[in-house]
Every structure is written in C-alpha cells, then in structure tokens.
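Asks: Got a file for you: final-v9.cif, mmCIF, C-alpha atoms.
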data_structure
loop_
_atom_site.label_atom_id
_atom_site.label_comp_id
_atom_site.auth_asym_id
_atom_site.auth_seq_id
_atom_site.Cartn_x
_atom_site.Cartn_y
_atom_site.Cartn_z
CA MET A 1097 -24.05 27.40 -4.72
CA TRP A 1098 -25.65 25.24 -2.10
CA PHE A 1099 -22.77 22.77 -2.27
CA SER A 1100 -20.09 25.27 -1.29
CA ASP A 1101 -22.42 26.43 1.49
CA PHE A 1102 -22.64 22.84 2.64
CA LEU A 1103 -18.83 22.51 2.63
CA GLN A 1104 -18.53 25.73 4.58
CA TRP A 1105 -21.10 24.49 7.09
CA LEU A 1106 -19.26 21.15 7.34
CA ALA A 1107 -15.96 22.92 7.98
CA ASN A 1108 -17.50 24.69 10.97
CA THR A 1109 -19.01 21.64 12.64
CA PRO A 1110 -17.33 20.67 15.94
CA PHE A 1111 -16.39 17.33 14.38
CA SER A 1112 -14.58 18.94 11.48
CA ILE A 1113 -12.81 21.35 13.82
CA THR A 1114 -11.67 18.45 16.00
CA MET A 1115 -10.33 16.59 12.95
CA ARG A 1116 -8.45 19.70 11.90
CA GLU A 1117 -7.01 20.74 15.24
CA SER A 1118 -6.31 17.46 16.99
CA THR A 1119 -2.67 16.37 16.94
CA TRP A 1120 -3.47 12.68 16.62
CA ALA A 1121 -6.69 12.47 14.61
CA GLU A 1122 -5.18 13.09 11.20
CA PRO A 1123 -2.09 10.85 11.53
CA ILE A 1124 -4.14 7.98 12.99
CA VAL A 1125 -6.90 8.16 10.38
CA GLU A 1126 -4.40 8.49 7.55
CA THR A 1127 -2.39 5.52 8.85
CA VAL A 1128 -5.55 3.39 8.86
CA HIS A 1129 -6.28 4.67 5.32
CA VAL A 1130 -2.81 3.68 4.06
CA LEU A 1131 -2.65 0.34 5.90
CA THR A 1132 -6.06 -0.65 4.53
CA LEU A 1133 -4.81 0.37 1.10
CA THR A 1134 -2.13 -2.32 1.28
CA MET A 1135 -4.83 -4.94 1.77
CA PHE A 1136 -7.42 -3.53 -0.60
CA LEU A 1137 -5.07 -2.66 -3.44
CA GLY A 1138 -3.13 -5.90 -3.11
CA PHE A 1139 -6.24 -8.06 -3.20
CA ALA A 1140 -7.80 -6.01 -6.01
CA VAL A 1141 -4.64 -6.48 -8.08
CA LEU A 1142 -4.64 -10.23 -7.37
CA LEU A 1143 -8.22 -10.42 -8.61
CA ASP A 1144 -7.39 -8.35 -11.70
CA LEU A 1145 -4.38 -10.58 -12.41
CA ARG A 1146 -6.68 -13.61 -12.34
CA LEU A 1147 -9.02 -11.85 -14.78
CA LEU A 1148 -5.99 -11.26 -17.00
CA GLY A 1149 -4.97 -14.91 -16.66
CA VAL A 1150 -1.59 -13.97 -15.22
CA CYS A 1151 -1.72 -15.11 -11.58
CA LEU A 1152 -3.73 -17.78 -9.68
CA LYS A 1153 -4.33 -19.34 -13.08
CA ARG A 1154 -5.47 -22.72 -11.86
CA ARG A 1155 -8.13 -21.37 -9.51
CA LYS A 1156 -11.75 -20.97 -10.48
CA VAL A 1157 -12.48 -17.32 -11.20
CA SER A 1158 -15.73 -17.62 -9.23
CA ASP A 1159 -13.74 -18.99 -6.30
CA VAL A 1160 -11.20 -16.16 -6.43
CA LEU A 1161 -14.07 -13.65 -6.58
CA GLY A 1162 -16.00 -15.32 -3.79
CA LYS A 1163 -13.06 -15.50 -1.40
CA LEU A 1164 -11.64 -12.05 -2.11
CA ASN A 1165 -14.93 -10.13 -2.26
CA PRO A 1166 -15.59 -9.95 1.51
CA TRP A 1167 -12.08 -8.55 2.04
CA LEU A 1168 -12.43 -6.15 -0.86
CA PHE A 1169 -15.81 -4.83 0.27
CA GLY A 1170 -14.67 -4.60 3.90
CA GLY A 1171 -11.47 -2.84 2.87
CA PHE A 1172 -13.32 -0.49 0.56
CA ALA A 1173 -15.73 0.46 3.36
CA VAL A 1174 -12.79 1.32 5.64
CA MET A 1175 -11.11 3.29 2.82
CA VAL A 1176 -14.26 5.32 2.17
CA ALA A 1177 -14.90 5.92 5.87
CA THR A 1178 -11.34 7.06 6.63
CA GLY A 1179 -11.17 9.04 3.39
CA THR A 1180 -14.37 10.88 4.34
CA LEU A 1181 -12.94 11.65 7.78
CA LEU A 1182 -9.79 13.09 6.21
CA PHE A 1183 -11.92 15.13 3.84
CA CYS A 1184 -13.94 16.52 6.77
CA ALA A 1185 -10.78 18.03 8.28
CA ASP A 1186 -10.69 20.68 5.57
CA PRO A 1187 -13.57 20.22 3.12
CA VAL A 1188 -13.31 23.60 1.39
CA SER A 1189 -9.61 23.28 0.53
CA PHE A 1190 -9.89 19.63 -0.44
CA TYR A 1191 -12.80 20.31 -2.73
CA SER A 1192 -10.88 23.12 -4.40
CA THR A 1193 -8.17 20.73 -5.64
CA PHE A 1194 -8.42 19.21 -9.08
CA PHE A 1195 -7.01 15.88 -7.91
CA LEU A 1196 -9.78 15.25 -5.38
CA LYS A 1197 -12.45 15.69 -8.04
CA ALA A 1198 -10.48 13.50 -10.44
CA LYS A 1199 -10.15 10.84 -7.75
CA MET A 1200 -13.90 10.85 -7.06
CA VAL A 1201 -14.72 10.56 -10.77
CA MET A 1202 -12.31 7.63 -11.14
CA LEU A 1203 -13.78 5.89 -8.07
CA VAL A 1204 -17.20 6.08 -9.74
CA LEU A 1205 -15.65 4.70 -12.95
CA ALA A 1206 -14.10 1.84 -10.97
CA GLY A 1207 -17.54 1.05 -9.57
CA LEU A 1208 -19.05 1.14 -13.06
CA ASN A 1209 -16.28 -1.18 -14.23
CA VAL A 1210 -17.32 -3.74 -11.61
CA MET A 1211 -20.95 -3.36 -12.71
CA VAL A 1212 -20.01 -3.85 -16.36
CA PHE A 1213 -18.18 -7.04 -15.40
CA ASN A 1214 -21.15 -8.37 -13.44
CA LEU A 1215 -23.55 -7.61 -16.29
CA THR A 1216 -21.39 -9.05 -19.10
CA VAL A 1217 -18.56 -11.62 -18.84
CA GLY A 1218 -19.09 -12.02 -15.11
CA ARG A 1219 -22.59 -13.36 -15.66
CA LYS A 1220 -21.29 -16.20 -17.78
CA VAL A 1221 -18.34 -16.92 -15.49
CA ALA A 1222 -19.33 -20.61 -15.28
CA GLU A 1223 -18.39 -20.97 -18.96
CA TRP A 1224 -14.77 -19.91 -18.45
CA ASP A 1225 -14.33 -20.47 -14.72
CA LEU A 1226 -11.29 -22.73 -14.98
CA ASP A 1227 -9.74 -21.41 -18.18
CA PRO A 1228 -6.23 -20.11 -17.56
CA LYS A 1229 -6.78 -18.02 -20.70
CA THR A 1230 -9.63 -15.66 -19.90
CA PRO A 1231 -12.06 -14.11 -22.41
CA ARG A 1232 -11.24 -10.73 -23.85
CA GLY A 1233 -14.03 -8.99 -21.92
CA ALA A 1234 -12.51 -10.15 -18.62
CA LYS A 1235 -9.09 -8.91 -19.72
CA VAL A 1236 -10.49 -5.49 -20.58
CA VAL A 1237 -12.16 -5.24 -17.17
CA GLY A 1238 -8.93 -6.30 -15.46
CA VAL A 1239 -6.77 -3.80 -17.33
CA VAL A 1240 -9.24 -0.96 -16.81
CA SER A 1241 -9.42 -1.80 -13.11
CA ILE A 1242 -5.63 -1.79 -12.67
CA MET A 1243 -5.29 1.47 -14.61
CA LEU A 1244 -8.02 3.14 -12.58
CA TRP A 1245 -6.50 2.08 -9.25
CA VAL A 1246 -3.06 3.30 -10.34
CA LEU A 1247 -4.57 6.68 -11.22
CA ILE A 1248 -6.66 6.76 -8.03
CA VAL A 1249 -3.56 6.15 -5.89
CA ALA A 1250 -1.65 8.76 -7.90
CA ALA A 1251 -4.46 11.30 -7.50
CA GLY A 1252 -4.68 10.56 -3.77
CA ARG A 1253 -0.95 11.10 -3.42
CA ALA A 1254 -1.20 14.31 -5.44
CA ILE A 1255 -3.94 15.69 -3.17
CA ALA A 1256 -1.66 15.47 -0.16
CA TYR A 1257 1.14 17.00 -2.21
CA VAL A 1258 -0.70 20.10 -3.40
CA LEU A 1259 -2.45 20.39 -0.06
CA PRO A 1260 -0.09 19.43 2.77
CA PRO A 1261 -1.78 18.43 6.04
CA PRO A 1262 -2.34 21.39 8.36
CA MET B 1476 32.06 4.82 15.93
CA TRP B 1477 33.56 4.00 12.52
CA LEU B 1478 30.26 2.38 11.51
CA LYS B 1479 28.31 5.52 12.41
CA HIS B 1480 30.82 7.51 10.41
CA LEU B 1481 30.45 5.20 7.44
CA VAL B 1482 26.64 5.36 7.50
CA LEU B 1483 26.64 9.13 7.80
CA SER B 1484 29.15 9.48 4.95
CA PHE B 1485 26.93 7.27 2.85
CA CYS B 1486 23.93 9.49 3.69
CA GLN B 1487 25.88 12.55 2.66
CA TRP B 1488 26.94 10.91 -0.57
CA CYS B 1489 23.27 10.11 -1.29
CA ASN B 1490 22.24 13.67 -0.50
CA ASN B 1491 24.77 15.02 -2.98
CA SER B 1492 24.30 12.36 -5.67
CA PHE B 1493 22.75 13.32 -8.98
CA PHE B 1494 19.51 11.46 -8.19
CA GLY B 1495 19.26 12.90 -4.69
CA HIS B 1496 19.77 16.35 -6.16
CA GLY B 1497 17.54 15.80 -9.15
CA ILE B 1498 14.54 14.48 -7.23
CA ARG B 1499 14.92 17.13 -4.51
CA ASP B 1500 15.06 19.98 -7.00
CA SER B 1501 12.18 18.79 -9.15
CA ARG B 1502 8.63 19.70 -8.23
CA TRP B 1503 7.10 16.49 -9.59
CA LEU B 1504 9.75 13.78 -9.35
CA PHE B 1505 9.30 13.18 -5.62
CA PRO B 1506 5.54 12.49 -5.73
CA PHE B 1507 6.09 10.56 -8.96
CA VAL B 1508 8.52 8.17 -7.28
CA GLU B 1509 6.26 8.07 -4.22
CA ILE B 1510 3.36 6.83 -6.36
CA PHE B 1511 5.45 3.82 -7.44
CA HIS B 1512 6.35 3.25 -3.80
CA LEU B 1513 2.65 3.25 -2.85
CA LEU B 1514 1.52 1.03 -5.72
CA ALA B 1515 4.22 -1.54 -4.97
CA LEU B 1516 3.20 -1.29 -1.32
CA GLY B 1517 -0.27 -2.42 -2.30
CA VAL B 1518 0.97 -5.50 -4.16
CA LEU B 1519 3.60 -6.36 -1.55
CA GLY B 1520 1.16 -5.94 1.33
CA GLY B 1521 -1.58 -7.86 -0.45
CA THR B 1522 0.56 -10.86 -1.38
CA ILE B 1523 2.22 -11.07 2.04
CA LEU B 1524 -1.14 -10.71 3.77
CA ILE B 1525 -2.84 -13.41 1.74
CA VAL B 1526 -0.10 -15.97 2.49
CA ASN B 1527 -0.17 -15.05 6.17
CA LEU B 1528 -3.96 -15.27 6.31
CA ARG B 1529 -3.62 -18.73 4.80
CA LEU B 1530 -1.08 -19.68 7.50
CA LEU B 1531 -3.47 -18.28 10.13
CA GLY B 1532 -6.09 -20.72 8.91
CA PHE B 1533 -8.18 -18.82 6.37
CA ARG B 1534 -8.80 -21.30 3.60
CA PHE B 1535 -8.76 -19.24 0.48
CA TRP B 1536 -8.93 -21.80 -2.23
CA GLY B 1537 -8.69 -25.01 -0.29
CA GLU B 1538 -5.20 -25.64 -1.64
CA SER B 1539 -2.04 -25.97 0.41
CA SER B 1540 -0.30 -22.86 1.64
CA SER B 1541 2.79 -23.80 -0.35
CA GLU B 1542 0.86 -23.68 -3.61
CA LEU B 1543 -0.53 -20.23 -2.83
CA ALA B 1544 2.85 -18.98 -1.62
CA ARG B 1545 4.55 -20.21 -4.78
CA GLU B 1546 1.94 -18.60 -6.99
CA VAL B 1547 2.11 -15.10 -5.50
CA ARG B 1548 5.87 -15.23 -4.94
CA PRO B 1549 6.96 -13.50 -8.19
CA TRP B 1550 4.64 -10.63 -7.32
CA THR B 1551 5.99 -10.37 -3.79
CA LEU B 1552 9.56 -10.31 -5.08
CA GLY B 1553 8.81 -7.88 -7.91
CA SER B 1554 6.97 -5.42 -5.72
CA LEU B 1555 9.65 -5.68 -3.02
CA ALA B 1556 12.26 -4.75 -5.64
CA VAL B 1557 10.19 -1.71 -6.70
CA MET B 1558 9.75 -0.76 -3.04
CA LEU B 1559 13.49 -0.94 -2.34
CA VAL B 1560 14.49 1.05 -5.43
CA SER B 1561 11.80 3.74 -5.07
CA GLY B 1562 12.35 3.87 -1.30
CA PHE B 1563 16.09 4.37 -1.79
CA LEU B 1564 15.44 7.20 -4.26
CA LEU B 1565 13.06 8.91 -1.81
CA PHE B 1566 15.59 8.43 0.99
CA SER B 1567 18.40 9.94 -1.08
CA THR B 1568 16.63 13.31 -1.30
CA GLU B 1569 17.07 13.87 2.44
CA ALA B 1570 19.39 11.11 3.55
CA VAL B 1571 21.21 13.06 6.24
CA LYS B 1572 17.91 14.17 7.76
CA MET B 1573 16.71 10.55 7.73
CA TYR B 1574 19.89 9.49 9.54
CA GLY B 1575 18.71 11.29 12.65
CA ASN B 1576 15.01 10.37 12.30
CA TRP B 1577 14.07 7.71 14.87
CA ALA B 1578 11.00 6.64 12.86
CA PHE B 1579 13.25 5.97 9.87
CA GLN B 1580 15.58 3.94 12.09
CA VAL B 1581 12.61 1.90 13.30
CA LYS B 1582 11.51 1.38 9.70
CA MET B 1583 14.94 0.22 8.52
CA SER B 1584 15.48 -2.11 11.49
CA SER B 1585 12.03 -3.66 10.98
CA LEU B 1586 12.71 -3.92 7.26
CA VAL B 1587 15.97 -5.83 7.73
CA LEU B 1588 14.31 -8.18 10.22
CA ALA B 1589 11.21 -8.58 8.03
CA ILE B 1590 13.27 -9.45 4.94
CA LEU B 1591 15.51 -11.87 6.85
CA PHE B 1592 12.46 -13.54 8.41
CA THR B 1593 10.55 -13.69 5.12
CA PHE B 1594 13.36 -15.39 3.23
CA THR B 1595 14.28 -17.88 5.93
CA ILE B 1596 11.78 -19.16 8.50
CA HIS B 1597 8.64 -17.74 6.89
CA ARG B 1598 9.55 -19.10 3.49
CA LYS B 1599 10.36 -22.50 4.91
CA VAL B 1600 7.08 -22.77 6.81
CA ALA B 1601 4.90 -21.35 4.02
CA MET B 1602 6.46 -23.63 1.43
CA SER B 1603 6.47 -26.84 3.45
CA ASP B 1604 3.93 -29.60 3.50
CA GLU B 1605 1.11 -28.66 5.88
CA SER B 1606 1.18 -31.98 7.69
CA ARG B 1607 4.78 -31.41 8.70
CA VAL B 1608 4.29 -28.11 10.51
CA SER B 1609 2.00 -27.73 13.52
CA PRO B 1610 -0.85 -25.21 13.13
CA LEU B 1611 0.40 -23.33 16.18
CA TRP B 1612 3.86 -22.86 14.71
CA ARG B 1613 2.33 -21.78 11.39
CA ARG B 1614 0.17 -19.17 13.13
CA LEU B 1615 3.10 -17.89 15.15
CA VAL B 1616 5.19 -17.45 12.01
CA ALA B 1617 2.33 -15.56 10.34
CA VAL B 1618 1.89 -13.25 13.34
CA ILE B 1619 5.63 -12.50 13.54
CA SER B 1620 5.68 -11.73 9.82
CA LEU B 1621 2.67 -9.40 10.10
CA VAL B 1622 4.14 -7.62 13.14
CA LEU B 1623 7.50 -7.07 11.41
CA TRP B 1624 5.91 -5.74 8.21
CA ALA B 1625 3.52 -3.58 10.24
CA GLY B 1626 6.60 -2.14 11.96
CA VAL B 1627 7.99 -1.20 8.54
CA GLY B 1628 4.69 0.44 7.54
CA LEU B 1629 4.06 2.26 10.80
CA GLY B 1630 7.67 3.42 11.00
CA GLY B 1631 7.32 4.74 7.47
CA ARG B 1632 4.10 6.54 8.32
CA ALA B 1633 5.74 8.17 11.33
CA ILE B 1634 8.77 9.52 9.41
CA GLY B 1635 6.94 12.59 8.21
CA TYR B 1636 5.67 13.47 11.67
CA VAL B 1637 9.02 13.24 13.45
CA THR B 1638 10.94 16.45 13.66
CA THR B 1639 14.63 15.72 13.51
CA SER B 1640 17.56 17.77 14.58
CA VAL B 1641 19.79 17.70 11.54
CA THR B 1642 22.35 19.70 13.45
CA SER B 1643 23.19 16.93 15.90
CA ALA B 1644 24.34 14.73 13.04
CA SER B 1645 26.30 17.44 11.28
CA VAL B 1646 27.89 18.68 14.50
CA TRP B 1647 28.99 15.15 15.22
CA MET B 1648 30.60 14.97 11.76
CA ASN B 1649 32.71 18.01 12.54
#
Show me the file's structure as structure tokens.
Replies:
Amino acid sequence: MWFSDFLQWLANTPFSITMRESTWAEPIVETVHVLTLTMFLGFAVLLDLRLLGVCLKRRKVSDVLGKLNPWLFGGFAVMVATGTLLFCADPVSFYSTFFLKAKMVMLVLAGLNVMVFNLTVGRKVAEWDLDPKTPRGAKVVGVVSIMLWVLIVAAGRAIAYVLPPP
Amino acid sequence: MWLKHLVLSFCQWCNNSFFGHGIRDSRWLFPFVEIFHLLALGVLGGTILIVNLRLLGFRFWGESSSELAREVRPWTLGSLAVMLVSGFLLFSTEAVKMYGNWAFQVKMSSLVLAILFTFTIHRKVAMSDESRVSPLWRRLVAVISLVLWAGVGLGGRAIGYVTTSVTSASVWMN
C-alpha cells in the first residue's frame, strides 16, 4: 500500500495544500492546460489527418512530422506539467476516480502508438513521403491516435465532472 | 431596452426548450456535449493557430500562407460549426443564468468580433499573395486574430468561476 501512502504524503505537502486552497492556482493552471490543449490537440489531429491522407496531402509526411514535432513535444510537456499540478491539488480523490486511471492508461497507449509508428511505417517514410494515399500501417496509426485522443479528452472531462474542483 | 427584453426572452425560451430541459435533466448529456465542444476546440484552435503562426513568419512547409490557409479551411469551418452547435446546446441549459454572467458576455462579444474578423480581413490577408501584403500588416492581422480568439477562450474559461445574480435579470423581467 506504499502508493496510497505516497498519495497521502503528497496531499499533505505545503505545495499540494497551496494548490488546493489558493483561489487562483487551480483556475490559472487549468486555463493553461486547456489553452495548450487547443494547440496540442489541433496539431496532433493535423498530423493524423496527413497520415490518413485527408489533409495537407501534397506535403511530405517527413516535413509535416519535422515541423509539427517541436510544437507537439513542447505542448505535451506543458500538458503533463499542468496536469500533474492539477493532480497534486487533491491526489487521493483524483486517484480514486476510474477516469483518471483510464486516462493514464490511454496516454501510455498513445505513446506506444507513436513508438509503433517509428518502428514500422515511420522508418520507411522516405518510400511514401509524397504519396497522397498513405500506406495502411500509417492509416491505422492515424486512426488509433485520433481515437485515443478523443477518449483521453473525454476521460479528462469526466474526471472534472465526477470530481468537481474544490 | 427592447433589445435587452428580446435577448432575455430568447434566453428564457432556450431554458424551457426541450433540449435545454433534456440536457439539464440528464446526468450524462451535459458532459457528453461538452466533450464535442472540447474536441472541436482542439481542431479549431490548431487550424487557426497554424495559419496565424504562418502569418507571423513561421515557415511550416515553405509554401505560401494562402495554400496552407486553403488546405486547413474545411477543418476550421467544420470545427467552428461543431463549436457553435454544441456551445448553443450547453448555453441552453442555463441560458438565463448566462445572460447575467459577465464572462459569458465577454466570450460572446469576442466571438462575434473574432468571426467577423476571421471571415473578412483575416481571410483576405491569409489568402492573398504574400508579395502583395507587407509582413508587418500580416503579423498585425495574426496578432489581432489570436487576441480575439484568446478572448473567446479565456471568457469561456471564466464562465464557471463567475457567480451571477440570476435574480437581477428575473426582477428586471417583472
């Protein structure tokens, strides 16, 4: 039960107490979380649409990846950082919700999906870089990615719904 | 005064409509609609941001801004439509309360300005030949667009934190 002890300890740290009790901390951090979402999700969808051969069809896939990746990684870092801060405000309650666990599992799956892409079709991207019609493997990765992000957003929304901010 | 009356009557009609009622009374419909609102927000924000970053001088794919703008346009329009429909449904569950919420008023004013700007000046500059518009003018248009859309987003974020006096609106109606 060391993990629940850890959450309990975290909840009692001065930092966690400040996050929980401050009037402005939660709204500000959540606003940054949501604003970054508009960038991250939007760019991730654009990339997925290229993998599906639906949007940005005449661009090289490697070019789309190269230009969007810095924004995606930067955005993801901000999302994780602000998400962790929000979690710290009430770790015990957050951890007790099903949706938070589901969200974490799906985030790991989204990461695995990126790895699968890099190890399979992504490695041979030079062969289909300019094809408006992308290989099936790329389409699968794109669809899985979109589905996972839809579910991740839904789970995130559900967390706040079953557990309203204090 | 008649305009205020009209808007408030409209809010009351929304409140009492079958969708306003239905979503308000259901445990899951509200978050369900909200998820669509959030997902469309991602696509809308992403496509608007990428065109504005291009206008600001970030060369994404070396092409002209008009080409990029044209390519993402269907996605901007589609997600905006989803935003408007889902946003209206969410609004209808507590329309009268929203009427008196200053954050909601900020959001709607920014939204009207943002849409007008997007479909007139912004569209014209983003779609035109780069050599015909000065870089300064292009950057200014991008900044104005980002500020207006940020106003919509921040106003929306603030709605939930603003405590409104519903009574002032209803008293005024009587």
Asks: Show me, as a Markdown table, the residues of range 1177-1260 of chain A having an atom within 12 Å of range 1518-1525 of chain B, each with the closest atom pair and its distance in Å, using only C-alpha atoms.
Replies:
| residue | atom | partner | partner_atom | distance |
| --- | --- | --- | --- | --- |
| A:Ile1242 | CA | B:Val1518 | CA | 11.4 |
| A:Trp1245 | CA | B:Val1518 | CA | 11.8 |
| A:Val1246 | CA | B:Val1518 | CA | 11.5 |
Asks: Can I get the selection written as a tab-separated table (two decimals), in the frame of the given file, with C-alpha atoms?
Replies:
chain	number	residue	atom	x	y	z
A	1242	ILE	CA	-5.63	-1.79	-12.67
A	1245	TRP	CA	-6.50	2.08	-9.25
A	1246	VAL	CA	-3.06	3.30	-10.34
Asks: In terms of the shortest atom-to-atom distance over all atoms listed in the file, which of B:Cys1489, B:Val1557, B:Val1627, B:Leu1611 is closest to chain A?
Replies: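 Ranking B:Cys1489, B:Val1557, B:Val1627, B:Leu1611 by distance to chain A, first place goes to B:Val1627.
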Asks: Is it possible to get the residues within 9 Å of (2.9, 0.3, 7.8) (coordinates as in the file, counting only C-alpha atoms) written as a PyMOL selection string?
Replies: (chain A and resi 1127+1130-1131+1134) or (chain B and resi 1582+1624-1632)
Asks: Suppose a student applies the PyMOL selection byres ((chain A and resi 1181) around 10) to this structure; what residues should they get, written as an NGL selection string?
Replies: :A and (1111-1112 or 1115 or 1121-1122 or 1125-1126 or 1129 or 1175-1180 or 1182-1187)
Asks: Please measure the separation of CA of Arg1155 in chain A and CA of Ser1541 in chain B, giving the value in Å to one decimal.
Replies: 14.5 Å
Asks: Keeping C-alpha atoms (and nothing else), can you write range 1535-1576 of chain B of this structure as a PDB file, in the first residue's frame?
Replies:
ATOM      1  CA  PHE B1535       5.904  25.481 -41.858  1.00  0.00           C
ATOM      2  CA  TRP B1536       6.231  23.907 -45.227  1.00  0.00           C
ATOM      3  CA  GLY B1537       7.824  26.665 -47.231  1.00  0.00           C
ATOM      4  CA  GLU B1538       4.602  27.186 -49.175  1.00  0.00           C
ATOM      5  CA  SER B1539       2.567  30.365 -49.307  1.00  0.00           C
ATOM      6  CA  SER B1540       0.214  31.171 -46.464  1.00  0.00           C
ATOM      7  CA  SER B1541      -2.723  31.081 -48.870  1.00  0.00           C
ATOM      8  CA  GLU B1542      -2.030  27.459 -49.731  1.00  0.00           C
ATOM      9  CA  LEU B1543      -1.903  26.449 -46.070  1.00  0.00           C
ATOM     10  CA  ALA B1544      -4.979  28.521 -45.242  1.00  0.00           C
ATOM     11  CA  ARG B1545      -6.937  26.931 -48.083  1.00  0.00           C
ATOM     12  CA  GLU B1546      -5.913  23.449 -47.040  1.00  0.00           C
ATOM     13  CA  VAL B1547      -6.961  23.692 -43.384  1.00  0.00           C
ATOM     14  CA  ARG B1548     -10.039  25.799 -44.125  1.00  0.00           C
ATOM     15  CA  PRO B1549     -12.607  22.951 -44.284  1.00  0.00           C
ATOM     16  CA  TRP B1550     -11.412  21.813 -40.869  1.00  0.00           C
ATOM     17  CA  THR B1551     -11.657  25.304 -39.418  1.00  0.00           C
ATOM     18  CA  LEU B1552     -15.193  25.698 -40.755  1.00  0.00           C
ATOM     19  CA  GLY B1553     -16.292  22.211 -39.699  1.00  0.00           C
ATOM     20  CA  SER B1554     -14.970  22.531 -36.179  1.00  0.00           C
ATOM     21  CA  LEU B1555     -16.425  26.039 -35.856  1.00  0.00           C
ATOM     22  CA  ALA B1556     -19.835  24.620 -36.785  1.00  0.00           C
ATOM     23  CA  VAL B1557     -19.493  21.896 -34.130  1.00  0.00           C
ATOM     24  CA  MET B1558     -18.386  24.526 -31.604  1.00  0.00           C
ATOM     25  CA  LEU B1559     -21.393  26.751 -32.325  1.00  0.00           C
ATOM     26  CA  VAL B1560     -23.943  23.931 -32.169  1.00  0.00           C
ATOM     27  CA  SER B1561     -22.502  22.255 -29.048  1.00  0.00           C
ATOM     28  CA  GLY B1562     -21.922  25.659 -27.425  1.00  0.00           C
ATOM     29  CA  PHE B1563     -25.530  26.661 -28.064  1.00  0.00           C
ATOM     30  CA  LEU B1564     -26.768  23.401 -26.527  1.00  0.00           C
ATOM     31  CA  LEU B1565     -24.619  23.940 -23.428  1.00  0.00           C
ATOM     32  CA  PHE B1566     -25.823  27.545 -23.210  1.00  0.00           C
ATOM     33  CA  SER B1567     -29.471  26.493 -23.450  1.00  0.00           C
ATOM     34  CA  THR B1568     -29.265  24.509 -20.201  1.00  0.00           C
ATOM     35  CA  GLU B1569     -28.770  27.697 -18.193  1.00  0.00           C
ATOM     36  CA  ALA B1570     -29.414  30.483 -20.652  1.00  0.00           C
ATOM     37  CA  VAL B1571     -30.959  32.936 -18.201  1.00  0.00           C
ATOM     38  CA  LYS B1572     -28.047  32.481 -15.811  1.00  0.00           C
ATOM     39  CA  MET B1573     -25.625  33.081 -18.692  1.00  0.00           C
ATOM     40  CA  TYR B1574     -27.472  36.298 -19.569  1.00  0.00           C
ATOM     41  CA  GLY B1575     -26.207  37.878 -16.371  1.00  0.00           C
ATOM     42  CA  ASN B1576     -22.720  36.314 -16.469  1.00  0.00           C
TER      43      ASN B1576
END
